[in-house]
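Text of the file model.cif, holding mmCIF, C-alpha atoms:
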data_work
#
loop_
_atom_site.label_atom_id
_atom_site.label_comp_id
_atom_site.auth_asym_id
_atom_site.auth_seq_id
_atom_site.Cartn_x
_atom_site.Cartn_y
_atom_site.Cartn_z
CA MET L 16 25.26 -44.39 47.01
CA LYS L 17 28.92 -43.47 47.37
CA SER L 18 31.78 -45.91 47.19
CA THR L 19 33.03 -46.65 50.69
CA PHE L 20 36.41 -47.85 49.51
CA SER L 21 38.82 -45.38 47.99
CA GLN L 22 42.28 -46.03 46.69
CA ASN L 23 44.10 -43.99 44.08
CA PHE L 24 43.75 -46.46 41.24
CA LEU L 25 45.55 -45.39 38.08
CA ARG L 26 42.75 -46.62 35.83
CA ASN L 27 40.25 -44.34 37.55
CA TYR L 28 41.50 -41.51 35.35
CA THR L 29 40.51 -40.42 31.84
CA VAL L 30 43.11 -38.98 29.45
CA PRO L 31 42.46 -35.32 30.41
CA GLU L 32 42.61 -36.23 34.11
CA LEU L 33 45.86 -38.14 33.65
CA LYS L 34 47.37 -35.14 31.89
CA GLU L 35 46.62 -33.03 34.95
CA GLN L 36 48.27 -35.62 37.18
CA ILE L 37 51.36 -35.88 34.98
CA ILE L 38 51.78 -32.11 34.72
CA ALA L 39 51.44 -31.84 38.51
CA LEU L 40 54.36 -34.26 38.79
CA GLY L 41 56.46 -31.94 36.62
CA TYR L 42 56.38 -33.86 33.34
CA PRO L 43 55.04 -32.86 29.89
CA ALA L 44 51.44 -33.76 29.03
CA PHE L 45 52.43 -36.15 26.22
CA ARG L 46 53.66 -38.57 28.89
CA ALA L 47 50.02 -39.02 29.93
CA GLN L 48 49.17 -40.19 26.42
CA GLN L 49 51.99 -42.72 26.55
CA LEU L 50 50.89 -43.89 29.98
CA PHE L 51 47.25 -44.22 29.00
CA GLN L 52 48.04 -46.23 25.88
CA ALA L 53 50.36 -48.51 27.86
CA ILE L 54 47.92 -49.36 30.67
CA TYR L 55 45.20 -50.29 28.16
CA SER L 56 47.41 -52.30 25.81
CA ASP L 57 46.88 -56.03 25.30
CA LYS L 58 49.22 -56.92 28.14
CA MET L 59 48.40 -55.87 31.71
CA ARG L 60 51.96 -54.89 32.53
CA PRO L 61 53.09 -53.39 35.83
CA LEU L 62 54.28 -49.78 35.82
CA SER L 63 57.89 -50.90 36.08
CA GLU L 64 57.66 -52.47 32.60
CA ILE L 65 56.32 -49.44 30.72
CA ALA L 66 59.55 -48.73 28.88
CA ALA L 67 58.19 -45.68 27.05
CA LEU L 68 58.25 -43.73 30.33
CA PRO L 69 61.38 -42.49 32.15
CA ALA L 70 62.35 -44.63 35.12
CA ASP L 71 61.99 -41.76 37.59
CA LEU L 72 58.43 -41.06 36.39
CA ARG L 73 57.56 -44.74 36.74
CA GLY L 74 58.77 -44.59 40.31
CA LEU L 75 56.69 -41.53 41.09
CA LEU L 76 53.61 -43.12 39.55
CA ALA L 77 54.14 -46.32 41.52
CA ASP L 78 54.30 -44.31 44.75
CA LYS L 79 51.16 -42.32 43.99
CA PHE L 80 48.84 -44.79 42.21
CA ALA L 81 47.65 -48.35 42.69
CA LEU L 82 47.73 -50.81 39.79
CA PRO L 83 45.87 -53.14 39.40
CA ALA L 84 42.50 -52.61 41.12
CA LEU L 85 41.43 -56.26 41.13
CA THR L 86 42.81 -59.77 40.74
CA LEU L 87 41.32 -62.86 39.13
CA ALA L 88 40.36 -65.44 41.75
CA THR L 89 38.66 -68.25 39.82
CA THR L 90 36.95 -69.05 36.53
CA ARG L 91 34.14 -71.44 35.62
CA HIS L 92 33.72 -72.72 32.08
CA SER L 93 30.40 -73.64 30.47
CA GLU L 94 29.94 -76.34 27.89
CA ASP L 95 28.66 -73.62 25.51
CA GLY L 96 31.90 -71.62 25.74
CA THR L 97 30.72 -69.04 28.29
CA ILE L 98 33.25 -68.23 31.02
CA LYS L 99 32.39 -66.78 34.43
CA PHE L 100 35.10 -64.81 36.22
CA LEU L 101 35.30 -64.21 39.96
CA PHE L 102 37.36 -61.13 40.85
CA LYS L 103 38.78 -60.18 44.21
CA LEU L 104 38.94 -56.45 44.90
CA ALA L 105 41.65 -54.71 46.89
CA ASP L 106 39.46 -54.59 50.01
CA GLY L 107 38.68 -58.31 49.80
CA LYS L 108 35.20 -58.01 48.33
CA LEU L 109 34.15 -60.08 45.32
CA VAL L 110 32.36 -59.48 42.02
CA GLU L 111 31.67 -61.54 38.92
CA SER L 112 31.88 -60.94 35.16
CA VAL L 113 30.87 -63.16 32.27
CA LEU L 114 32.36 -63.63 28.78
CA ILE L 115 29.69 -64.78 26.33
CA PRO L 116 30.58 -65.95 22.80
CA SER L 117 27.81 -65.46 20.25
CA GLU L 118 26.06 -68.47 18.78
CA MET L 119 26.56 -67.01 15.30
CA LEU L 120 29.91 -68.01 13.79
CA THR L 121 32.25 -66.56 11.20
CA ASP L 122 33.24 -68.48 8.09
CA GLU L 123 36.28 -69.64 10.06
CA GLY L 124 34.04 -71.11 12.77
CA ASP L 125 34.77 -68.48 15.45
CA PRO L 126 32.04 -66.60 17.36
CA LYS L 127 31.08 -63.37 15.57
CA ARG L 128 30.92 -61.52 18.87
CA GLN L 129 32.57 -61.80 22.27
CA THR L 130 30.39 -60.00 24.80
CA ILE L 131 31.46 -59.20 28.35
CA CYS L 132 28.85 -58.66 31.04
CA VAL L 133 30.37 -56.44 33.74
CA SER L 134 29.33 -55.61 37.30
CA THR L 135 28.99 -52.07 38.65
CA GLN L 136 28.34 -52.68 42.36
CA VAL L 137 29.34 -55.18 45.02
CA GLY L 138 25.93 -56.80 45.41
CA CYS L 139 22.72 -54.92 44.62
CA PRO L 140 20.21 -52.93 46.70
CA LEU L 141 17.12 -53.38 44.52
CA GLY L 142 15.83 -56.79 45.66
CA CYS L 143 14.30 -57.97 42.36
CA LYS L 144 12.56 -61.26 43.11
CA PHE L 145 13.97 -63.09 40.07
CA CYS L 146 17.61 -62.08 40.48
CA ALA L 147 20.23 -64.07 42.39
CA THR L 148 22.33 -60.97 43.07
CA ALA L 149 19.52 -59.67 45.31
CA SER L 150 20.53 -62.30 47.88
CA LEU L 151 23.85 -60.48 48.43
CA LYS L 152 22.42 -57.06 49.33
CA VAL L 153 24.76 -54.18 48.47
CA LYS L 154 28.19 -53.43 49.92
CA ARG L 155 29.45 -50.51 47.81
CA ASN L 156 29.81 -49.04 44.34
CA LEU L 157 32.70 -50.12 42.17
CA GLU L 158 35.43 -47.64 41.34
CA THR L 159 35.93 -46.79 37.68
CA ALA L 160 39.13 -48.83 37.62
CA GLU L 161 37.32 -51.85 39.06
CA ILE L 162 34.78 -51.66 36.22
CA VAL L 163 37.39 -51.12 33.50
CA GLU L 164 39.70 -53.87 34.69
CA GLN L 165 36.99 -56.49 34.40
CA LEU L 166 37.25 -56.12 30.63
CA LEU L 167 41.05 -55.91 30.64
CA SER L 168 41.42 -59.01 32.82
CA VAL L 169 38.93 -61.04 30.80
CA ARG L 170 40.67 -60.02 27.57
CA SER L 171 44.06 -60.94 29.01
CA PHE L 172 42.86 -64.31 30.33
CA SER L 173 40.88 -65.35 27.27
CA GLY L 174 43.13 -63.95 24.57
CA LYS L 175 39.93 -62.79 22.81
CA LYS L 176 39.16 -59.31 21.53
CA ILE L 177 36.03 -58.13 23.32
CA SER L 178 33.55 -56.82 20.75
CA ASN L 179 30.58 -55.90 22.97
CA LEU L 180 30.02 -54.85 26.56
CA VAL L 181 26.84 -54.88 28.63
CA PHE L 182 26.39 -53.30 32.06
CA MET L 183 24.15 -56.16 33.15
CA GLY L 184 26.19 -57.84 35.86
CA MET L 185 25.95 -57.40 39.61
CA GLY L 186 24.42 -54.09 40.74
CA GLU L 187 22.32 -51.27 39.28
CA PRO L 188 24.50 -49.17 36.93
CA MET L 189 22.40 -46.02 37.36
CA LEU L 190 23.16 -45.99 41.10
CA ASN L 191 26.86 -45.73 40.22
CA TYR L 192 26.30 -43.38 37.31
CA ASP L 193 29.44 -41.23 37.46
CA ASN L 194 31.88 -44.13 37.69
CA VAL L 195 30.02 -46.08 35.00
CA MET L 196 30.09 -43.15 32.58
CA ARG L 197 33.75 -42.49 33.32
CA SER L 198 34.43 -46.13 32.42
CA VAL L 199 32.47 -45.59 29.18
CA GLU L 200 34.69 -42.59 28.38
CA ILE L 201 37.76 -44.77 28.90
CA PHE L 202 36.39 -47.76 26.96
CA THR L 203 35.54 -45.57 23.96
CA SER L 204 38.57 -43.26 23.97
CA PRO L 205 40.70 -43.51 20.78
CA GLU L 206 43.82 -43.91 22.90
CA ALA L 207 42.50 -47.05 24.60
CA ASP L 208 40.99 -48.47 21.39
CA LEU L 209 38.77 -50.90 23.29
CA LEU L 210 35.15 -50.49 22.21
CA SER L 211 32.78 -48.52 20.04
CA PRO L 212 29.97 -46.79 21.98
CA ARG L 213 27.52 -48.55 19.64
CA ARG L 214 28.70 -51.83 21.16
CA ILE L 215 27.98 -50.85 24.77
CA THR L 216 24.58 -51.30 26.48
CA LEU L 217 23.52 -50.17 29.92
CA SER L 218 20.63 -52.08 31.51
CA THR L 219 18.65 -50.43 34.30
CA ALA L 220 15.86 -51.73 36.50
CA GLY L 221 14.19 -48.37 36.01
CA VAL L 222 16.10 -45.61 37.81
CA ILE L 223 14.36 -42.66 36.21
CA PRO L 224 16.88 -39.89 37.10
CA GLY L 225 19.61 -41.90 35.38
CA ILE L 226 17.50 -42.36 32.25
CA ILE L 227 16.79 -38.62 32.13
CA ARG L 228 20.44 -37.83 32.67
CA MET L 229 21.50 -40.16 29.84
CA ALA L 230 18.99 -38.39 27.60
CA ASN L 231 20.09 -34.88 28.55
CA GLU L 232 23.77 -35.76 28.15
CA ASN L 233 23.07 -37.55 24.85
CA CYS L 234 25.08 -40.49 26.15
CA PRO L 235 26.46 -42.42 23.14
CA ILE L 236 25.77 -45.93 24.46
CA LYS L 237 22.55 -47.94 24.23
CA LEU L 238 19.82 -48.12 26.88
CA ALA L 239 17.96 -51.25 27.99
CA ILE L 240 15.20 -51.25 30.61
CA SER L 241 14.32 -54.31 32.70
CA LEU L 242 10.54 -54.26 32.44
CA HIS L 243 9.24 -57.81 33.09
CA ALA L 244 5.64 -56.72 33.70
CA THR L 245 3.01 -54.70 31.85
CA THR L 246 1.05 -53.60 34.94
CA GLN L 247 2.18 -51.60 37.94
CA GLU L 248 0.70 -54.18 40.31
CA LEU L 249 2.78 -57.08 38.99
CA ARG L 250 5.92 -55.01 38.47
CA LEU L 251 5.77 -53.90 42.09
CA LYS L 252 5.59 -57.53 43.24
CA LEU L 253 8.59 -58.48 41.12
CA MET L 254 10.65 -55.31 41.46
CA PRO L 255 10.41 -53.18 44.64
CA ILE L 256 11.93 -50.24 42.72
CA ALA L 257 8.49 -49.82 41.08
CA LYS L 258 7.26 -48.23 44.31
CA LYS L 259 9.67 -45.32 43.89
CA TYR L 260 9.51 -45.26 40.10
CA PRO L 261 6.03 -46.42 38.97
CA LEU L 262 5.53 -48.02 35.58
CA ASN L 263 3.74 -45.06 33.99
CA GLU L 264 6.51 -42.67 35.04
CA LEU L 265 9.18 -45.10 33.85
CA LEU L 266 7.59 -45.37 30.41
CA ALA L 267 7.32 -41.58 30.21
CA ALA L 268 11.04 -41.34 31.02
CA ALA L 269 11.85 -43.93 28.36
CA GLU L 270 9.85 -41.96 25.81
CA TYR L 271 11.62 -38.75 26.86
CA TYR L 272 14.94 -40.54 26.34
CA TYR L 273 13.93 -41.61 22.84
CA ARG L 274 12.60 -38.18 21.86
CA ALA L 275 15.83 -36.53 23.07
CA THR L 276 18.30 -39.00 21.56
CA ARG L 277 16.42 -40.81 18.77
CA LYS L 278 18.09 -44.01 20.01
CA THR L 279 16.11 -47.25 20.12
CA VAL L 280 15.24 -48.45 23.62
CA THR L 281 15.31 -52.16 24.47
CA PHE L 282 12.71 -53.50 26.91
CA GLU L 283 13.92 -56.66 28.64
CA TYR L 284 11.17 -59.08 29.59
CA ILE L 285 11.79 -62.29 31.55
CA LEU L 286 8.95 -64.74 30.91
CA PHE L 287 7.51 -66.47 34.00
CA ASP L 288 5.09 -69.37 33.76
CA GLY L 289 1.50 -68.29 34.43
CA LEU L 290 2.53 -64.84 35.67
CA ASN L 291 3.32 -62.54 32.75
CA ASP L 292 2.97 -64.81 29.71
CA SER L 293 -0.71 -64.37 28.71
CA GLU L 294 -2.02 -63.01 25.43
CA ASN L 295 -3.13 -59.86 27.27
CA ASP L 296 0.43 -59.43 28.56
CA ALA L 297 1.71 -59.74 25.01
CA ARG L 298 -0.85 -57.23 23.76
CA ARG L 299 0.05 -54.68 26.47
CA LEU L 300 3.78 -55.20 25.97
CA ALA L 301 3.50 -54.70 22.22
CA LYS L 302 1.49 -51.54 22.82
CA ILE L 303 4.23 -50.22 25.10
CA SER L 304 6.85 -50.94 22.44
CA ARG L 305 4.86 -49.04 19.80
CA ARG L 306 4.82 -45.77 21.80
CA PHE L 307 8.20 -44.98 20.27
CA ARG L 308 10.96 -46.87 18.48
CA SER L 309 11.88 -49.77 20.71
CA LYS L 310 12.39 -53.50 20.69
CA ILE L 311 11.61 -56.26 23.14
CA ASN L 312 14.19 -58.75 24.37
CA VAL L 313 12.36 -61.79 25.71
CA ILE L 314 14.48 -63.71 28.22
CA PRO L 315 14.02 -67.19 29.73
CA PHE L 316 13.86 -67.29 33.52
CA HIS L 317 16.93 -68.98 34.97
CA ASN L 318 17.00 -71.02 38.14
CA ILE L 319 18.16 -69.24 41.32
CA GLU L 320 17.51 -72.09 43.74
CA PHE L 321 21.19 -72.07 44.73
CA THR L 322 20.46 -68.83 46.63
CA HIS L 323 17.71 -70.56 48.69
CA PRO L 324 14.97 -68.09 47.70
CA GLU L 325 11.84 -67.51 49.77
CA GLY L 326 8.39 -66.06 49.13
CA LEU L 327 7.59 -65.05 45.56
CA SER L 328 11.19 -65.72 44.49
CA ALA L 329 10.72 -69.40 45.33
CA GLU L 330 7.47 -69.59 43.36
CA LEU L 331 8.83 -68.31 40.04
CA HIS L 332 9.17 -70.81 37.20
CA PRO L 333 10.18 -70.44 33.55
CA ALA L 334 7.49 -70.46 30.92
CA THR L 335 7.40 -73.73 29.00
CA PRO L 336 9.03 -73.74 25.56
CA GLU L 337 5.56 -73.89 24.00
CA LYS L 338 4.36 -70.82 25.94
CA PHE L 339 7.63 -69.01 25.26
CA ASN L 340 7.32 -69.51 21.51
CA ARG L 341 3.62 -68.64 21.52
CA PHE L 342 4.34 -65.39 23.40
CA ILE L 343 6.97 -64.44 20.82
CA THR L 344 4.52 -65.08 18.00
CA GLN L 345 1.84 -63.04 19.72
CA LEU L 346 4.19 -60.09 20.21
CA LYS L 347 5.11 -60.13 16.52
CA ASN L 348 1.46 -60.38 15.50
CA PHE L 349 0.74 -57.32 17.66
CA GLY L 350 3.40 -55.34 15.81
CA ALA L 351 6.39 -55.54 18.18
CA VAL L 352 10.03 -55.89 17.18
CA VAL L 353 11.22 -58.94 19.11
CA MET L 354 14.46 -60.74 19.83
CA THR L 355 15.24 -63.51 22.30
CA ARG L 356 18.05 -63.87 24.79
CA SER L 357 19.95 -67.15 24.91
CA SER L 358 20.59 -69.05 28.13
CA SER L 359 24.36 -69.09 27.67
CA GLY L 360 26.21 -70.17 30.79
CA LYS L 361 23.24 -71.43 32.81
CA ASP L 362 25.12 -74.63 33.70
CA ILE L 363 27.67 -72.50 35.62
CA GLU L 364 25.15 -70.01 37.08
CA ALA L 365 26.28 -67.35 34.60
CA ALA L 366 23.05 -66.75 32.67
CA CYS L 367 20.85 -63.67 33.04
CA GLY L 368 19.94 -63.11 36.70
CA GLN L 369 22.24 -65.77 38.13
CA LEU L 370 25.29 -63.82 39.32
CA ALA L 371 25.59 -64.33 43.08
CA LEU L 372 29.20 -65.41 43.73
CA SER L 373 28.16 -69.07 43.48
CA SER L 374 31.73 -69.84 42.40
CA ALA L 375 33.29 -67.95 45.30
CA PRO L 376 36.18 -69.83 46.90
CA VAL L 377 37.14 -69.59 50.55
CA PHE L 378 40.06 -67.19 50.86
CA SER L 379 42.82 -67.65 53.38
CA ALA L 380 45.76 -65.44 54.23
CA GLY L 381 49.04 -67.25 54.20
CA LYS L 382 52.66 -66.85 53.28
CA GLY L 383 52.88 -65.21 49.88
CA GLY L 384 49.60 -63.34 50.23
CA ILE L 385 45.92 -64.17 49.98
CA LYS L 386 44.99 -67.27 48.03
CA ALA L 387 42.02 -69.55 47.55
CA ALA L 388 41.80 -72.32 50.09
CA ASP L 389 41.53 -75.91 48.92
#
Rewrite the coordinates I just gave you, this time as structure tokens.
Amino acid sequence: MKSTFSQNFLRNYTVPELKEQIIALGYPAFRAQQLFQAIYSDKMRPLSEIAALPADLRGLLADKFALPALTLATTRHSEDGTIKFLFKLADGKLVESVLIPSEMLTDEGDPKRQTICVSTQVGCPLGCKFCATASLKVKRNLETAEIVEQLLSVRSFSGKKISNLVFMGMGEPMLNYDNVMRSVEIFTSPEADLLSPRRITLSTAGVIPGIIRMANENCPIKLAISLHATTQELRLKLMPIAKKYPLNELLAAAEYYYRATRKTVTFEYILFDGLNDSENDARRLAKISRRFRSKINVIPFHNIEFTHPEGLSAELHPATPEKFNRFITQLKNFGAVVMTRSSSGKDIEAACGQLALSSAPVFSAGKGGIKAAD
């Protein structure tokens, strides 16, 4: 799927690409380095305030490029410290990001990690029955700048250094592969000094060509696969993508990825009451995880009633705490490496599977530009 909205955003460009642009404007390549460092510094300054650049170059850049690519519309704050951000894009469309502080604290009492969950599409085309974003359908891919600026805006608003990033927000990252990987190049570039590739995870619902491409390109970031079922029959009911990419082919692709990269794969598994939480499910899931080096991230199901679900989506319920804990124990007994996902932000519809613009304000155009209506 191609992006249907194109604007010459300055943060769409990597360092080598910016050098080409700067040279084309008649300036030496080192100006690109200065520009790149400035637009990824702690302060999201306009071009006019980048004092390291000559005034005439700043003017040329302002005429040719757009900065910024998005604006912060609203925030919602959870009692556990999670913050959900609603961003308005230049064409009026909306996406959400989430800042999640870790439950583990430093000796000073601060969270050890600050993780941002970013979106890669406006909506999502996959229709997973447990995901609130499915109710929005898909509008378009995000530009690289629109992905990158989610982190920059959250960092600027919160005043926190972002330690980890997960492509687990709205949309399927593999369906916007080129822009996602360009954003990874920017995030991990020494000039930007934003993130280590070891601190970035891409989660896919199972787009096999993207998994193969990550393997062949030896992509430096981590891979997570939304599994949620150990049989093709159930996975197809929960995730329509299983029709195009069946479970056996998906697992073969995951194994190919591991053999090519030697990087651990994470299988994400939302636990539904009476659906995928039996001992046989645990046995099959553990067997899958033992095919190659992988770990299982067991995730509580989070309420999506605010999207008015129908059919199977309306029938899904979280496994009870007793069943959840028993399933974890069974997985470990069957030889799986297991971790659990917290429910951070569920009181503001910011937990796993809940992003659906539930905090979206009504926008109105008035004097002074577009603003949220009361």
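Using all atoms listed in the file, the shortest contact distance between Pro333 (chain L) and any of L:Gln247, L:Thr130, L:Ser93, L:Ser358 is found at L:Ser358.
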Task: Hits of the PyMOL selection byres ((chain L and resi 224-227) around 12) in this structure, as number ranges by chain - done: L: 187-193, 195-196, 217-223, 228-234, 236-240, 259-260, 264-276, 280
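Straight-line separation from CA of Pro116 (chain L) to CA of Asp208 (chain L): 20.4 Å.
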Sorted by chain and rising residue number, which residues of region 165-273 of chain L lie within 12 Å of region 58-69 of chain L, and what are their closest atom pairs and distances in Å to one decimal, counting only C-alpha atoms, as JSON lines?
{"residue": "L:Gln165", "atom": "CA", "partner": "L:Met59", "partner_atom": "CA", "distance": 11.7}
{"residue": "L:Leu166", "atom": "CA", "partner": "L:Met59", "partner_atom": "CA", "distance": 11.2}
{"residue": "L:Leu167", "atom": "CA", "partner": "L:Met59", "partner_atom": "CA", "distance": 7.4}
{"residue": "L:Ser168", "atom": "CA", "partner": "L:Met59", "partner_atom": "CA", "distance": 7.7}
{"residue": "L:Val169", "atom": "CA", "partner": "L:Met59", "partner_atom": "CA", "distance": 10.8}
{"residue": "L:Arg170", "atom": "CA", "partner": "L:Lys58", "partner_atom": "CA", "distance": 9.1}
{"residue": "L:Ser171", "atom": "CA", "partner": "L:Lys58", "partner_atom": "CA", "distance": 6.6}
{"residue": "L:Phe172", "atom": "CA", "partner": "L:Lys58", "partner_atom": "CA", "distance": 10.0}
{"residue": "L:Ser173", "atom": "CA", "partner": "L:Lys58", "partner_atom": "CA", "distance": 11.9}
{"residue": "L:Gly174", "atom": "CA", "partner": "L:Lys58", "partner_atom": "CA", "distance": 10.0}
Would you put the residues from that selection into a file with C-alpha atoms, as a CSV table (one decimal), keeping the file's coordinate frame?
chain,number,residue,atom,x,y,z
L,165,GLN,CA,37.0,-56.5,34.4
L,166,LEU,CA,37.2,-56.1,30.6
L,167,LEU,CA,41.0,-55.9,30.6
L,168,SER,CA,41.4,-59.0,32.8
L,169,VAL,CA,38.9,-61.0,30.8
L,170,ARG,CA,40.7,-60.0,27.6
L,171,SER,CA,44.1,-60.9,29.0
L,172,PHE,CA,42.9,-64.3,30.3
L,173,SER,CA,40.9,-65.4,27.3
L,174,GLY,CA,43.1,-64.0,24.6
TODO: Would you mind telling me which residue in L:Gln369, L:Thr135, L:Leu25, L:Leu120 lies nearest to Ala53 (chain L) when using only C-alpha atoms?
DONE: L:Leu25
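Using all atoms listed in the file, the shortest contact distance between Lys99 (chain L) and any of L:Pro261, L:Gly184, L:Pro205, L:Gly289 is found at L:Gly184.
When all atoms listed in the file are used to compute distances to Ser112 (chain L), the closest of the residues L:Met254, L:Asp288, L:Gly360, L:Leu76 turns out to be L:Gly360.
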Skipping near chain neighbours, those fewer than 2 positions away, what residues fall within 12 Å of Thr148 (chain L) using only C-alpha atoms, listed as a PDB file with C-alpha atoms, in the frame of the given file?
ATOM      1  CA  VAL L 110      32.360 -59.480  42.020  1.00  0.00           C
ATOM      2  CA  GLU L 111      31.670 -61.540  38.920  1.00  0.00           C
ATOM      3  CA  SER L 134      29.330 -55.610  37.300  1.00  0.00           C
ATOM      4  CA  THR L 135      28.990 -52.070  38.650  1.00  0.00           C
ATOM      5  CA  GLN L 136      28.340 -52.680  42.360  1.00  0.00           C
ATOM      6  CA  VAL L 137      29.340 -55.180  45.020  1.00  0.00           C
ATOM      7  CA  GLY L 138      25.930 -56.800  45.410  1.00  0.00           C
ATOM      8  CA  CYS L 139      22.720 -54.920  44.620  1.00  0.00           C
ATOM      9  CA  PRO L 140      20.210 -52.930  46.700  1.00  0.00           C
ATOM     10  CA  LEU L 141      17.120 -53.380  44.520  1.00  0.00           C
ATOM     11  CA  GLY L 142      15.830 -56.790  45.660  1.00  0.00           C
ATOM     12  CA  CYS L 143      14.300 -57.970  42.360  1.00  0.00           C
ATOM     13  CA  LYS L 144      12.560 -61.260  43.110  1.00  0.00           C
ATOM     14  CA  PHE L 145      13.970 -63.090  40.070  1.00  0.00           C
ATOM     15  CA  CYS L 146      17.610 -62.080  40.480  1.00  0.00           C
ATOM     16  CA  SER L 150      20.530 -62.300  47.880  1.00  0.00           C
ATOM     17  CA  LEU L 151      23.850 -60.480  48.430  1.00  0.00           C
ATOM     18  CA  LYS L 152      22.420 -57.060  49.330  1.00  0.00           C
ATOM     19  CA  VAL L 153      24.760 -54.180  48.470  1.00  0.00           C
ATOM     20  CA  LYS L 154      28.190 -53.430  49.920  1.00  0.00           C
ATOM     21  CA  MET L 183      24.150 -56.160  33.150  1.00  0.00           C
ATOM     22  CA  GLY L 184      26.190 -57.840  35.860  1.00  0.00           C
ATOM     23  CA  MET L 185      25.950 -57.400  39.610  1.00  0.00           C
ATOM     24  CA  GLY L 186      24.420 -54.090  40.740  1.00  0.00           C
ATOM     25  CA  GLU L 187      22.320 -51.270  39.280  1.00  0.00           C
ATOM     26  CA  ILE L 319      18.160 -69.240  41.320  1.00  0.00           C
ATOM     27  CA  PHE L 321      21.190 -72.070  44.730  1.00  0.00           C
ATOM     28  CA  THR L 322      20.460 -68.830  46.630  1.00  0.00           C
ATOM     29  CA  PRO L 324      14.970 -68.090  47.700  1.00  0.00           C
ATOM     30  CA  GLU L 364      25.150 -70.010  37.080  1.00  0.00           C
ATOM     31  CA  ALA L 365      26.280 -67.350  34.600  1.00  0.00           C
ATOM     32  CA  ALA L 366      23.050 -66.750  32.670  1.00  0.00           C
ATOM     33  CA  CYS L 367      20.850 -63.670  33.040  1.00  0.00           C
ATOM     34  CA  GLY L 368      19.940 -63.110  36.700  1.00  0.00           C
ATOM     35  CA  GLN L 369      22.240 -65.770  38.130  1.00  0.00           C
ATOM     36  CA  LEU L 370      25.290 -63.820  39.320  1.00  0.00           C
ATOM     37  CA  ALA L 371      25.590 -64.330  43.080  1.00  0.00           C
ATOM     38  CA  LEU L 372      29.200 -65.410  43.730  1.00  0.00           C
ATOM     39  CA  SER L 373      28.160 -69.070  43.480  1.00  0.00           C
TER      40      SER L 373
END
TODO: Determine the residue membership of the PyMOL selection byres ((chain L and resi 353) around 9) for the file above and supply it as an NGL selection string.
DONE: :L and (310-313 or 343 or 346-347 or 351-352 or 354-355)
- [ ] Spell out the residues picked by the PyMOL selection byres ((chain L and resi 244) around 9) here, as a PyMOL selection string.
- [x] chain L and resi 242-243+245-251+253+262+284-285+290-291+296+300
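Between CA of Cys132 (chain L) and CA of Phe182 (chain L) there is a distance of 6.0 Å.
For the pair CA of Gln22 (chain L) and CA of Ala47 (chain L), the separation is 19.7 Å.
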Can you patch up region 84-95 of chain L, filling it in to N, CA and C atoms, and show the result as a PDB file, in the coordinates of the input?
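What ended up in part-v7.pdb:
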ATOM      1  N   ALA L  84      43.564 -52.832  40.149  1.00  0.00           N
ATOM      2  CA  ALA L  84      42.500 -52.610  41.120  1.00  0.00           C
ATOM      3  C   ALA L  84      41.816 -53.904  41.540  1.00  0.00           C
ATOM      4  N   LEU L  85      42.033 -54.972  40.787  1.00  0.00           N
ATOM      5  CA  LEU L  85      41.430 -56.260  41.130  1.00  0.00           C
ATOM      6  C   LEU L  85      42.326 -57.386  40.647  1.00  0.00           C
ATOM      7  N   THR L  86      42.073 -58.583  41.162  1.00  0.00           N
ATOM      8  CA  THR L  86      42.810 -59.770  40.740  1.00  0.00           C
ATOM      9  C   THR L  86      41.826 -60.886  40.440  1.00  0.00           C
ATOM     10  N   LEU L  87      42.176 -61.737  39.497  1.00  0.00           N
ATOM     11  CA  LEU L  87      41.320 -62.860  39.130  1.00  0.00           C
ATOM     12  C   LEU L  87      41.475 -63.973  40.160  1.00  0.00           C
ATOM     13  N   ALA L  88      40.339 -64.381  40.736  1.00  0.00           N
ATOM     14  CA  ALA L  88      40.360 -65.440  41.750  1.00  0.00           C
ATOM     15  C   ALA L  88      40.108 -66.806  41.128  1.00  0.00           C
ATOM     16  N   THR L  89      38.974 -66.964  40.441  1.00  0.00           N
ATOM     17  CA  THR L  89      38.660 -68.250  39.820  1.00  0.00           C
ATOM     18  C   THR L  89      37.867 -68.012  38.529  1.00  0.00           C
ATOM     19  N   THR L  90      37.806 -69.065  37.716  1.00  0.00           N
ATOM     20  CA  THR L  90      36.950 -69.050  36.530  1.00  0.00           C
ATOM     21  C   THR L  90      36.122 -70.336  36.509  1.00  0.00           C
ATOM     22  N   ARG L  91      34.952 -70.249  35.877  1.00  0.00           N
ATOM     23  CA  ARG L  91      34.140 -71.440  35.620  1.00  0.00           C
ATOM     24  C   ARG L  91      33.796 -71.441  34.138  1.00  0.00           C
ATOM     25  N   HIS L  92      33.870 -72.612  33.524  1.00  0.00           N
ATOM     26  CA  HIS L  92      33.720 -72.720  32.080  1.00  0.00           C
ATOM     27  C   HIS L  92      32.472 -73.534  31.745  1.00  0.00           C
ATOM     28  N   SER L  93      31.625 -72.969  30.894  1.00  0.00           N
ATOM     29  CA  SER L  93      30.400 -73.640  30.470  1.00  0.00           C
ATOM     30  C   SER L  93      30.669 -74.510  29.248  1.00  0.00           C
ATOM     31  N   GLU L  94      29.819 -75.480  29.065  1.00  0.00           N
ATOM     32  CA  GLU L  94      29.940 -76.340  27.890  1.00  0.00           C
ATOM     33  C   GLU L  94      29.641 -75.568  26.604  1.00  0.00           C
ATOM     34  N   ASP L  95      28.962 -74.402  26.709  1.00  0.00           N
ATOM     35  CA  ASP L  95      28.660 -73.620  25.510  1.00  0.00           C
ATOM     36  C   ASP L  95      29.730 -72.566  25.214  1.00  0.00           C
TER      37      ASP L  95
END
